[in-house]
file structure_15.cif (mmCIF, N, CA and C atoms)
data_entry
#
loop_
_atom_site.label_atom_id
_atom_site.label_comp_id
_atom_site.auth_asym_id
_atom_site.auth_seq_id
_atom_site.Cartn_x
_atom_site.Cartn_y
_atom_site.Cartn_z
N MET A 1 22.29 12.78 -7.05
CA MET A 1 20.95 12.71 -6.49
C MET A 1 20.06 11.90 -7.43
N ILE A 2 19.31 10.99 -6.86
CA ILE A 2 18.39 10.14 -7.62
C ILE A 2 17.00 10.75 -7.55
N LEU A 3 16.33 10.86 -8.71
CA LEU A 3 14.94 11.30 -8.76
C LEU A 3 14.09 10.14 -9.24
N LYS A 4 13.15 9.73 -8.43
CA LYS A 4 12.24 8.65 -8.81
C LYS A 4 11.01 9.30 -9.45
N THR A 5 11.11 9.52 -10.75
CA THR A 5 10.05 10.22 -11.47
C THR A 5 8.78 9.39 -11.61
N ASP A 6 8.84 8.11 -11.28
CA ASP A 6 7.65 7.26 -11.34
C ASP A 6 6.89 7.26 -10.01
N CYS A 7 7.29 8.09 -9.07
CA CYS A 7 6.63 8.16 -7.76
C CYS A 7 5.34 8.97 -7.86
N LYS A 8 4.31 8.50 -7.18
CA LYS A 8 3.02 9.18 -7.16
C LYS A 8 3.13 10.60 -6.60
N HIS A 9 4.11 10.85 -5.76
CA HIS A 9 4.27 12.16 -5.13
C HIS A 9 5.09 13.14 -5.97
N PHE A 10 5.74 12.66 -7.01
CA PHE A 10 6.63 13.50 -7.82
C PHE A 10 5.82 14.37 -8.78
N PRO A 11 5.79 15.70 -8.57
CA PRO A 11 5.00 16.57 -9.44
C PRO A 11 5.70 16.96 -10.74
N GLY A 12 7.01 16.78 -10.79
CA GLY A 12 7.75 17.07 -12.02
C GLY A 12 8.37 18.45 -12.07
N ASP A 13 7.65 19.46 -11.64
CA ASP A 13 8.14 20.83 -11.79
C ASP A 13 8.57 21.49 -10.48
N LYS A 14 8.42 20.78 -9.38
CA LYS A 14 8.79 21.33 -8.08
C LYS A 14 9.02 20.17 -7.11
N PRO A 15 9.58 20.43 -5.94
CA PRO A 15 9.79 19.35 -4.98
C PRO A 15 8.45 18.74 -4.51
N CYS A 16 8.47 17.47 -4.21
CA CYS A 16 7.27 16.79 -3.71
C CYS A 16 7.02 17.21 -2.26
N LYS A 17 5.84 16.87 -1.74
CA LYS A 17 5.50 17.23 -0.36
C LYS A 17 6.45 16.60 0.67
N PRO A 18 6.78 15.29 0.55
CA PRO A 18 7.73 14.74 1.53
C PRO A 18 9.08 15.46 1.53
N ASN A 19 9.52 15.92 0.37
CA ASN A 19 10.79 16.65 0.30
C ASN A 19 10.64 18.02 0.95
N LYS A 20 9.56 18.72 0.64
CA LYS A 20 9.36 20.06 1.18
C LYS A 20 9.13 20.05 2.69
N LEU A 21 8.30 19.11 3.16
CA LEU A 21 7.92 19.10 4.56
C LEU A 21 8.93 18.42 5.48
N GLU A 22 9.59 17.37 4.97
CA GLU A 22 10.48 16.58 5.82
C GLU A 22 11.89 16.44 5.26
N ASN A 23 12.18 17.18 4.20
CA ASN A 23 13.49 17.12 3.55
C ASN A 23 13.87 15.71 3.10
N LYS A 24 12.89 14.93 2.67
CA LYS A 24 13.14 13.56 2.19
C LYS A 24 13.79 13.60 0.82
N LYS A 25 14.72 12.69 0.60
CA LYS A 25 15.37 12.52 -0.70
C LYS A 25 14.86 11.22 -1.31
N CYS A 26 14.76 11.18 -2.62
CA CYS A 26 14.18 10.03 -3.32
C CYS A 26 14.86 8.71 -2.99
N ASP A 27 16.18 8.71 -2.90
CA ASP A 27 16.89 7.43 -2.74
C ASP A 27 16.58 6.70 -1.44
N ASP A 28 16.12 7.41 -0.39
CA ASP A 28 15.79 6.72 0.87
C ASP A 28 14.42 7.12 1.42
N CYS A 29 13.52 7.50 0.56
CA CYS A 29 12.21 7.99 0.98
C CYS A 29 11.23 6.84 1.23
N GLU A 30 10.68 6.80 2.43
CA GLU A 30 9.71 5.75 2.75
C GLU A 30 8.32 6.05 2.19
N TYR A 31 8.14 7.24 1.61
CA TYR A 31 6.86 7.59 1.00
C TYR A 31 6.80 7.23 -0.49
N TYR A 32 7.85 6.66 -1.01
CA TYR A 32 7.90 6.31 -2.43
C TYR A 32 6.76 5.36 -2.79
N LEU A 33 5.94 5.78 -3.75
CA LEU A 33 4.84 4.97 -4.26
C LEU A 33 4.93 4.95 -5.79
N PRO A 34 5.41 3.88 -6.37
CA PRO A 34 5.51 3.84 -7.83
C PRO A 34 4.14 3.81 -8.48
N ILE A 35 4.02 4.51 -9.59
CA ILE A 35 2.77 4.50 -10.37
C ILE A 35 2.80 3.25 -11.24
N ASN A 36 1.89 2.33 -10.95
CA ASN A 36 1.86 1.06 -11.68
C ASN A 36 0.79 1.01 -12.77
N PHE A 37 -0.24 1.84 -12.65
CA PHE A 37 -1.35 1.79 -13.60
C PHE A 37 -1.97 3.18 -13.67
N LYS A 38 -2.00 3.77 -14.86
CA LYS A 38 -2.52 5.12 -15.04
C LYS A 38 -3.88 5.09 -15.72
N ILE A 39 -4.82 5.82 -15.13
CA ILE A 39 -6.18 5.90 -15.65
C ILE A 39 -6.49 7.36 -15.97
N LEU A 40 -7.10 7.58 -17.14
CA LEU A 40 -7.60 8.91 -17.52
C LEU A 40 -9.10 8.81 -17.67
N ILE A 41 -9.81 9.69 -16.97
CA ILE A 41 -11.27 9.80 -17.09
C ILE A 41 -11.56 11.16 -17.69
N ILE A 42 -12.36 11.17 -18.75
CA ILE A 42 -12.74 12.43 -19.40
C ILE A 42 -14.23 12.63 -19.19
N LYS A 43 -14.57 13.72 -18.53
CA LYS A 43 -15.97 14.08 -18.29
C LYS A 43 -16.04 15.59 -18.25
N LEU A 44 -16.58 16.19 -19.32
CA LEU A 44 -16.59 17.65 -19.45
C LEU A 44 -17.94 18.30 -19.20
N ASP A 45 -18.98 17.52 -18.97
CA ASP A 45 -20.32 18.08 -18.88
C ASP A 45 -20.51 18.95 -17.64
N ALA A 46 -21.77 19.25 -17.36
CA ALA A 46 -22.12 20.11 -16.23
C ALA A 46 -21.59 19.53 -14.92
N VAL A 47 -21.43 20.40 -13.94
CA VAL A 47 -20.86 20.03 -12.65
C VAL A 47 -21.60 18.84 -12.03
N GLY A 48 -22.93 18.85 -12.11
CA GLY A 48 -23.71 17.74 -11.56
C GLY A 48 -23.41 16.41 -12.23
N ASP A 49 -23.24 16.43 -13.55
CA ASP A 49 -22.88 15.21 -14.28
C ASP A 49 -21.49 14.71 -13.88
N VAL A 50 -20.57 15.64 -13.72
CA VAL A 50 -19.22 15.27 -13.30
C VAL A 50 -19.28 14.65 -11.90
N LEU A 51 -20.01 15.29 -11.00
CA LEU A 51 -20.14 14.77 -9.64
C LEU A 51 -20.74 13.37 -9.64
N ARG A 52 -21.79 13.17 -10.41
CA ARG A 52 -22.44 11.86 -10.49
C ARG A 52 -21.47 10.80 -11.02
N THR A 53 -20.63 11.15 -11.96
CA THR A 53 -19.69 10.19 -12.55
C THR A 53 -18.58 9.80 -11.58
N THR A 54 -18.32 10.62 -10.57
CA THR A 54 -17.29 10.26 -9.59
C THR A 54 -17.65 8.99 -8.84
N SER A 55 -18.88 8.54 -8.95
CA SER A 55 -19.28 7.31 -8.26
C SER A 55 -18.53 6.08 -8.77
N ILE A 56 -17.91 6.17 -9.94
CA ILE A 56 -17.14 5.02 -10.47
C ILE A 56 -15.77 4.89 -9.80
N LEU A 57 -15.33 5.91 -9.12
CA LEU A 57 -13.97 5.94 -8.60
C LEU A 57 -13.69 4.87 -7.55
N HIS A 58 -14.61 4.64 -6.65
CA HIS A 58 -14.39 3.64 -5.61
C HIS A 58 -14.16 2.26 -6.22
N ALA A 59 -15.00 1.89 -7.18
CA ALA A 59 -14.84 0.58 -7.85
C ALA A 59 -13.52 0.50 -8.62
N LEU A 60 -13.15 1.59 -9.27
CA LEU A 60 -11.87 1.61 -9.99
C LEU A 60 -10.69 1.40 -9.03
N LYS A 61 -10.73 2.06 -7.89
CA LYS A 61 -9.64 1.92 -6.92
C LYS A 61 -9.61 0.53 -6.29
N LEU A 62 -10.78 -0.10 -6.17
CA LEU A 62 -10.80 -1.49 -5.68
C LEU A 62 -10.15 -2.42 -6.69
N LYS A 63 -10.45 -2.20 -7.96
CA LYS A 63 -9.89 -3.06 -9.01
C LYS A 63 -8.42 -2.75 -9.29
N TYR A 64 -8.09 -1.47 -9.31
CA TYR A 64 -6.72 -1.02 -9.60
C TYR A 64 -6.20 -0.23 -8.39
N SER A 65 -5.88 -0.93 -7.33
CA SER A 65 -5.55 -0.26 -6.06
C SER A 65 -4.30 0.62 -6.14
N GLU A 66 -3.37 0.27 -6.98
CA GLU A 66 -2.13 1.04 -7.10
C GLU A 66 -2.19 2.05 -8.25
N SER A 67 -3.38 2.39 -8.68
CA SER A 67 -3.53 3.25 -9.85
C SER A 67 -3.33 4.73 -9.53
N HIS A 68 -3.03 5.45 -10.58
CA HIS A 68 -2.92 6.91 -10.55
C HIS A 68 -4.02 7.41 -11.47
N VAL A 69 -4.99 8.14 -10.92
CA VAL A 69 -6.15 8.59 -11.68
C VAL A 69 -6.02 10.07 -12.02
N THR A 70 -6.15 10.36 -13.31
CA THR A 70 -6.21 11.73 -13.80
C THR A 70 -7.62 11.96 -14.34
N TRP A 71 -8.22 13.07 -13.96
CA TRP A 71 -9.57 13.40 -14.42
C TRP A 71 -9.48 14.67 -15.25
N LEU A 72 -10.04 14.62 -16.45
CA LEU A 72 -10.10 15.78 -17.33
C LEU A 72 -11.52 16.32 -17.30
N THR A 73 -11.66 17.58 -16.92
CA THR A 73 -12.97 18.20 -16.81
C THR A 73 -12.86 19.69 -17.14
N LYS A 74 -13.98 20.38 -17.08
CA LYS A 74 -13.97 21.83 -17.26
C LYS A 74 -13.53 22.50 -15.97
N LYS A 75 -13.02 23.69 -16.11
CA LYS A 75 -12.52 24.45 -14.96
C LYS A 75 -13.61 24.63 -13.90
N SER A 76 -14.86 24.78 -14.33
CA SER A 76 -15.97 24.99 -13.40
C SER A 76 -16.20 23.79 -12.48
N ALA A 77 -15.74 22.61 -12.85
CA ALA A 77 -15.94 21.41 -12.03
C ALA A 77 -14.69 21.00 -11.26
N LYS A 78 -13.61 21.72 -11.41
CA LYS A 78 -12.34 21.32 -10.81
C LYS A 78 -12.40 21.20 -9.29
N ASP A 79 -13.14 22.09 -8.63
CA ASP A 79 -13.19 22.09 -7.17
C ASP A 79 -13.85 20.85 -6.59
N ILE A 80 -14.60 20.12 -7.38
CA ILE A 80 -15.21 18.87 -6.91
C ILE A 80 -14.13 17.91 -6.41
N PHE A 81 -12.95 18.00 -6.97
CA PHE A 81 -11.89 17.03 -6.68
C PHE A 81 -10.90 17.48 -5.60
N LEU A 82 -11.14 18.63 -4.99
CA LEU A 82 -10.19 19.16 -4.00
C LEU A 82 -9.87 18.17 -2.88
N ASN A 83 -10.84 17.50 -2.34
CA ASN A 83 -10.62 16.56 -1.24
C ASN A 83 -10.94 15.13 -1.63
N ASN A 84 -10.94 14.85 -2.91
CA ASN A 84 -11.24 13.50 -3.38
C ASN A 84 -9.94 12.70 -3.43
N THR A 85 -9.80 11.77 -2.52
CA THR A 85 -8.55 11.00 -2.43
C THR A 85 -8.41 9.95 -3.53
N PHE A 86 -9.46 9.73 -4.30
CA PHE A 86 -9.40 8.76 -5.40
C PHE A 86 -8.78 9.36 -6.66
N VAL A 87 -8.71 10.68 -6.74
CA VAL A 87 -8.19 11.37 -7.93
C VAL A 87 -6.85 12.01 -7.59
N ASP A 88 -5.84 11.67 -8.39
CA ASP A 88 -4.48 12.15 -8.13
C ASP A 88 -4.15 13.44 -8.86
N ASN A 89 -4.81 13.67 -9.99
CA ASN A 89 -4.49 14.81 -10.83
C ASN A 89 -5.75 15.25 -11.57
N VAL A 90 -5.93 16.55 -11.70
CA VAL A 90 -7.06 17.09 -12.45
C VAL A 90 -6.52 17.98 -13.56
N LEU A 91 -6.93 17.68 -14.78
CA LEU A 91 -6.62 18.52 -15.94
C LEU A 91 -7.88 19.27 -16.31
N THR A 92 -7.72 20.51 -16.78
CA THR A 92 -8.90 21.25 -17.21
C THR A 92 -8.90 21.44 -18.72
N PHE A 93 -10.10 21.40 -19.26
CA PHE A 93 -10.32 21.57 -20.69
C PHE A 93 -9.75 22.90 -21.17
N GLU A 94 -9.80 23.89 -20.32
CA GLU A 94 -9.36 25.23 -20.69
C GLU A 94 -7.84 25.42 -20.61
N SER A 95 -7.12 24.45 -20.16
CA SER A 95 -5.67 24.55 -19.99
C SER A 95 -4.97 24.73 -21.34
N TYR A 96 -4.03 25.66 -21.40
CA TYR A 96 -3.34 25.96 -22.65
C TYR A 96 -2.50 24.79 -23.16
N ASP A 97 -2.08 23.91 -22.28
CA ASP A 97 -1.21 22.80 -22.70
C ASP A 97 -1.93 21.46 -22.82
N LEU A 98 -3.25 21.47 -22.81
CA LEU A 98 -4.02 20.22 -22.81
C LEU A 98 -3.72 19.33 -24.01
N ILE A 99 -3.76 19.87 -25.20
CA ILE A 99 -3.56 19.06 -26.41
C ILE A 99 -2.16 18.47 -26.45
N SER A 100 -1.16 19.28 -26.14
CA SER A 100 0.20 18.74 -26.16
C SER A 100 0.37 17.68 -25.08
N ARG A 101 -0.22 17.88 -23.94
CA ARG A 101 -0.11 16.89 -22.87
C ARG A 101 -0.79 15.58 -23.24
N LEU A 102 -1.99 15.65 -23.83
CA LEU A 102 -2.69 14.42 -24.23
C LEU A 102 -1.94 13.68 -25.33
N SER A 103 -1.20 14.39 -26.14
CA SER A 103 -0.47 13.72 -27.22
C SER A 103 0.87 13.14 -26.75
N ILE A 104 1.30 13.47 -25.54
CA ILE A 104 2.57 12.98 -25.01
C ILE A 104 2.38 11.94 -23.89
N GLU A 105 1.56 12.27 -22.92
CA GLU A 105 1.38 11.39 -21.75
C GLU A 105 0.66 10.10 -22.15
N THR A 106 1.02 9.00 -21.53
CA THR A 106 0.37 7.71 -21.83
C THR A 106 -0.37 7.19 -20.61
N PHE A 107 -1.44 6.45 -20.89
CA PHE A 107 -2.29 5.88 -19.86
C PHE A 107 -2.51 4.40 -20.15
N ASP A 108 -2.83 3.67 -19.12
CA ASP A 108 -3.17 2.26 -19.30
C ASP A 108 -4.64 2.09 -19.64
N LEU A 109 -5.48 2.95 -19.08
CA LEU A 109 -6.93 2.87 -19.29
C LEU A 109 -7.50 4.27 -19.44
N LEU A 110 -8.34 4.45 -20.44
CA LEU A 110 -9.08 5.69 -20.64
C LEU A 110 -10.56 5.37 -20.53
N ILE A 111 -11.29 6.18 -19.78
CA ILE A 111 -12.74 6.03 -19.66
C ILE A 111 -13.37 7.34 -20.09
N HIS A 112 -14.23 7.25 -21.10
CA HIS A 112 -14.94 8.43 -21.59
C HIS A 112 -16.40 8.05 -21.83
N PRO A 113 -17.29 8.35 -20.88
CA PRO A 113 -18.68 7.89 -20.97
C PRO A 113 -19.61 8.74 -21.83
N ASP A 114 -19.15 9.84 -22.40
CA ASP A 114 -20.03 10.75 -23.14
C ASP A 114 -19.90 10.60 -24.65
N ALA A 115 -21.01 10.84 -25.33
CA ALA A 115 -21.02 10.82 -26.79
C ALA A 115 -20.92 12.24 -27.35
N SER A 116 -20.28 13.12 -26.62
CA SER A 116 -20.09 14.50 -27.05
C SER A 116 -18.93 14.58 -28.04
N PRO A 117 -19.12 15.25 -29.20
CA PRO A 117 -18.04 15.35 -30.18
C PRO A 117 -16.77 16.02 -29.64
N VAL A 118 -16.91 17.04 -28.82
CA VAL A 118 -15.74 17.75 -28.30
C VAL A 118 -14.90 16.83 -27.43
N SER A 119 -15.52 16.19 -26.46
CA SER A 119 -14.74 15.33 -25.57
C SER A 119 -14.37 14.01 -26.24
N ALA A 120 -15.17 13.55 -27.21
CA ALA A 120 -14.83 12.33 -27.95
C ALA A 120 -13.54 12.52 -28.75
N SER A 121 -13.35 13.70 -29.30
CA SER A 121 -12.11 13.95 -30.03
C SER A 121 -10.90 13.93 -29.09
N LEU A 122 -11.08 14.42 -27.88
CA LEU A 122 -9.99 14.38 -26.89
C LEU A 122 -9.69 12.94 -26.48
N ALA A 123 -10.74 12.14 -26.33
CA ALA A 123 -10.55 10.72 -25.97
C ALA A 123 -9.79 9.99 -27.07
N SER A 124 -10.08 10.31 -28.31
CA SER A 124 -9.37 9.67 -29.42
C SER A 124 -7.93 10.14 -29.51
N LEU A 125 -7.69 11.38 -29.19
CA LEU A 125 -6.34 11.93 -29.22
C LEU A 125 -5.45 11.35 -28.11
N ALA A 126 -6.03 11.11 -26.95
CA ALA A 126 -5.26 10.62 -25.80
C ALA A 126 -4.66 9.25 -26.09
N LYS A 127 -3.47 9.03 -25.54
CA LYS A 127 -2.77 7.75 -25.72
C LYS A 127 -3.09 6.83 -24.54
N ALA A 128 -3.78 5.73 -24.82
CA ALA A 128 -4.10 4.75 -23.79
C ALA A 128 -4.09 3.36 -24.39
N LYS A 129 -3.62 2.39 -23.61
CA LYS A 129 -3.58 1.00 -24.08
C LYS A 129 -4.98 0.45 -24.28
N VAL A 130 -5.90 0.80 -23.36
CA VAL A 130 -7.29 0.35 -23.44
C VAL A 130 -8.18 1.59 -23.32
N LYS A 131 -9.16 1.69 -24.22
CA LYS A 131 -10.10 2.80 -24.18
C LYS A 131 -11.52 2.25 -24.07
N LYS A 132 -12.30 2.83 -23.14
CA LYS A 132 -13.68 2.44 -22.91
C LYS A 132 -14.56 3.67 -23.07
N GLY A 133 -15.68 3.49 -23.76
CA GLY A 133 -16.61 4.60 -23.94
C GLY A 133 -16.64 5.05 -25.38
N PHE A 134 -16.59 6.37 -25.56
CA PHE A 134 -16.77 6.94 -26.89
C PHE A 134 -15.54 7.72 -27.35
N GLY A 135 -15.32 7.68 -28.64
CA GLY A 135 -14.26 8.44 -29.28
C GLY A 135 -14.75 8.96 -30.61
N MET A 136 -13.83 9.36 -31.45
CA MET A 136 -14.17 9.90 -32.76
C MET A 136 -13.40 9.13 -33.82
N ASN A 137 -14.08 8.78 -34.90
CA ASN A 137 -13.41 8.04 -35.97
C ASN A 137 -12.79 8.99 -37.00
N HIS A 138 -12.18 8.43 -38.03
CA HIS A 138 -11.48 9.23 -39.04
C HIS A 138 -12.41 10.11 -39.87
N LEU A 139 -13.72 9.88 -39.78
CA LEU A 139 -14.70 10.71 -40.49
C LEU A 139 -15.23 11.85 -39.61
N GLY A 140 -14.74 11.91 -38.38
CA GLY A 140 -15.21 12.94 -37.46
C GLY A 140 -16.52 12.60 -36.78
N GLN A 141 -16.87 11.33 -36.78
CA GLN A 141 -18.12 10.88 -36.17
C GLN A 141 -17.84 10.25 -34.81
N VAL A 142 -18.74 10.48 -33.87
CA VAL A 142 -18.62 9.85 -32.56
C VAL A 142 -18.95 8.38 -32.70
N THR A 143 -18.10 7.55 -32.12
CA THR A 143 -18.27 6.10 -32.19
C THR A 143 -17.79 5.49 -30.87
N SER A 144 -18.17 4.26 -30.62
CA SER A 144 -17.70 3.61 -29.39
C SER A 144 -16.33 2.99 -29.63
N PHE A 145 -15.57 2.88 -28.57
CA PHE A 145 -14.26 2.21 -28.66
C PHE A 145 -14.47 0.72 -28.65
#

call {"tool": "encode", "arguments": {"input": "structure_15.cif", "output": "structure tokens"}}
result
Amino acid sequence: MILKTDCKHFPGDKPCKPNKLENKKCDDCEYYLPINFKILIIKLDAVGDVLRTTSILHALKLKYSESHVTWLTKKSAKDIFLNNTFVDNVLTFESYDLISRLSIETFDLLIHPDASPVSASLASLAKAKVKKGFGMNHLGQVTSF
């Protein structure tokens, strides 16, 4: 059996929706969508700030149409993304595996618009080829990328 782990529908820990609903197998699945460009957006502030920042998503999807977008936010803002088709994955700040995941997973683009020390340290920890916004330097100070 072939598993196409680069497919946008592949969750990693369980069967994908096409497999569950239609018994599709990876080797002949017409729903296969390879992830060509991964974007991480970090926005931990209040729910209203997170909602306002979602306005960048349409432009990002126009520029990177085949992208896979992961949004890192607080648990209180997670429901904003329930029906948002521009966001493929939501990570929460409160998740027990957040630090290990950020140190392993790689992204092509990271966007972090806040100068908050807590989220800036996460932006610096995350692995991305290009980083835009704010991070933290070796002195523990917030700085721009």

call {"tool": "residues_near_point", "arguments": {"input": "structure_15.cif", "point": "(-11.5, 18.2, -5.7)", "cutoff": "12 Å", "atoms": "only C-alpha atoms", "output": "list in words"}}
result
Val47, Val50, Leu51, Thr54, Thr70, Trp71, Leu72, Thr73, Lys75, Ser76, Ala77, Lys78, Asp79, Ile80, Phe81, Leu82, Asn83, Asn84, Thr85, Phe86, Val87, Asp88, Asn89, Val90 and Leu91 of chain A

call {"tool": "resolve_selection", "arguments": {"input": "structure_15.cif", "expression": "the PyMOL selection byres (((chain A and resi 93-110 and name CA) around 9) and name CA)", "output": "number ranges by chain"}}
result
A: 37-42, 44, 72-75, 91-92, 111-112, 122-123, 125-133

call {"tool": "atom_distance", "arguments": {"input": "structure_15.cif", "atom1": "atom N of Lys25 (chain A)", "atom2": "CA of Met1 (chain A)"}}
result
9.4 Å

call {"tool": "residues_around", "arguments": {"input": "structure_15.cif", "residues": "Thr53 (chain A)", "least_positions_apart": "4", "cutoff": "9 Å", "atoms": "only C-alpha atoms", "output": "list of chain:residue names"}}
result
A:Lys43, A:Gly48, A:Asp49, A:Leu57, A:Pro113

call {"tool": "closest_residue", "arguments": {"input": "structure_15.cif", "among": "A:Ala46, A:Ser121, A:Gly12, A:Cys7", "to": "Tyr32 (chain A)", "atoms": "all atoms listed in the file"}}
result
A:Cys7

call {"tool": "select_by_dssp", "arguments": {"input": "structure_15.cif", "residues": "chain A", "states": "strand (DSSP E)", "output": "VMD selection string"}}
result
chain A and resid 37 to 42 67 to 73 89 to 92 106 to 112 127 to 136 142 to 144
